[in-house]
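Written out below as structure tokens is the structure these notes cover.
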Amino acid sequence: MTAPRSSSAAGRASIIQFLGNIWGRPSARRNPPLDIPPELIVDPYAPIPAKMSKRMQGKLRDLREAYCYAMQSRLKGQSLRDPESFASLLVPIMGHLPVEHMMVVPLNARLCALTAPILISKGDIDGTEAGPRPILRAVLKADALSFVIAHNHPAGSSEASQGDRAVTRRIAAAGRMVDCVLQDHF
């Protein structure tokens, strides 16, 4: 999945607008948390910076919880059958990130997302490592019948590399072994 590379401020504004629109809470739109980097909000496993005040740490925890709730509410019953629907879901989350992230979206039999996108790995500017094991662990834990994986390309190249193709084949083969179909890799 590739999105136009944007500045940190633009990325921050898009994630804040995205969260505010989903939450539908006036306070989220009036008082955006511009002092918290959006990548800390969408990555619940990222360590909370020690230099952050206790008040800001609490605010970050609340934002992470609200983000997960908002994503699950937004996805409930929504069928994700085509690349455009996945792009509309994942570009606001991954499009602005400065390093490559890989996420998985577990799907049910009707191709509806079962959970918010799950972060599998975080890499650097030109790649991230993720084998079948962590992906299938997340998918099976969600009781999914199929799944989609996506990663961003912060370096700007939208072409699938040989490595991307090899990883896709490996993950698809591993999914078939446990009767869980890889629908697509963005």
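Here, A, B, ... name the chains of the structure tokens in the order displayed, residue numbers run from 1 inside each chain, and ligands are numbered from 1 in the same displayed order.
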Find the spatial neighbours of range 41-57 of chain A, counting only C-alpha atoms, within a cut-off of 12 Å - ignore same-chain residues fewer than 4 positions away - and output them as a ChimeraX atom specification. /A:12,15-16,18-19,33-37,61-71,90,92-97,101-103,116-122
Taking 5 positions as the minimum chain separation for residues in the same chain, which residues sit within 12 Å of Arg165 in chain A when counting only C-alpha atoms? Answer as a VMD selection string. chain A and resid 159 to 160 170 to 172 184 to 186
Export, as a short mmCIF file (atom, residue, chain, number, x, y, z; two decimals), in the first residue's frame, the selected residues with C-alpha atoms.
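This went into result-v1.cif:
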data_model
loop_
_atom_site.label_atom_id
_atom_site.label_comp_id
_atom_site.auth_asym_id
_atom_site.auth_seq_id
_atom_site.Cartn_x
_atom_site.Cartn_y
_atom_site.Cartn_z
CA GLU A 159 6.33 -1.18 -6.99
CA ALA A 160 6.29 -4.55 -5.22
CA ARG A 170 5.29 -17.59 1.96
CA ILE A 171 2.40 -16.07 3.92
CA ALA A 172 -0.20 -17.33 1.44
CA ASP A 184 -4.51 -9.58 -0.75
CA HIS A 185 -1.21 -7.88 0.08
CA PHE A 186 -1.08 -4.10 -0.35
#
Which parts of range 33-169 of chain A does DSSP call helix (DSSP H, G or I) when run on the backbone here, written out as a PyMOL selection string? chain A and resi 38-42+54-75+83-94+132-141+162-169
Which residues, written as a PDB file with C-alpha atoms, in the first residue's frame, have at least one atom at most 9 Å from range 136-141 of chain A, with only C-alpha atoms counted and residues fewer than 5 positions away on the same chain left out?
ATOM      1  CA  VAL A 104      -2.945  -7.342   9.104  1.00  0.00           C
ATOM      2  CA  VAL A 105      -6.731  -7.096   8.903  1.00  0.00           C
ATOM      3  CA  PRO A 106      -8.491 -10.337   9.927  1.00  0.00           C
ATOM      4  CA  LEU A 107     -11.696 -11.017   7.950  1.00  0.00           C
ATOM      5  CA  ILE A 118      -3.225  -5.127  13.860  1.00  0.00           C
ATOM      6  CA  ILE A 120       2.670  -6.854  13.000  1.00  0.00           C
ATOM      7  CA  SER A 146      -9.169 -14.921   5.718  1.00  0.00           C
ATOM      8  CA  PHE A 147      -6.994 -11.835   6.011  1.00  0.00           C
ATOM      9  CA  ILE A 171       2.401 -16.073   3.920  1.00  0.00           C
ATOM     10  CA  ALA A 174       1.279 -20.784   5.445  1.00  0.00           C
ATOM     11  CA  GLY A 175      -2.308 -19.495   5.502  1.00  0.00           C
ATOM     12  CA  VAL A 178      -4.306 -23.608   8.417  1.00  0.00           C
ATOM     13  CA  CYS A 180      -6.979 -19.206   6.347  1.00  0.00           C
TER      14      CYS A 180
END
If we count only C-alpha atoms and set the cut-off at 9 Å, which residues sit around range 77-84 of chain A, ignoring sequence neighbours fewer than 3 positions away in its own chain? Please answer as a count of residues only. 13
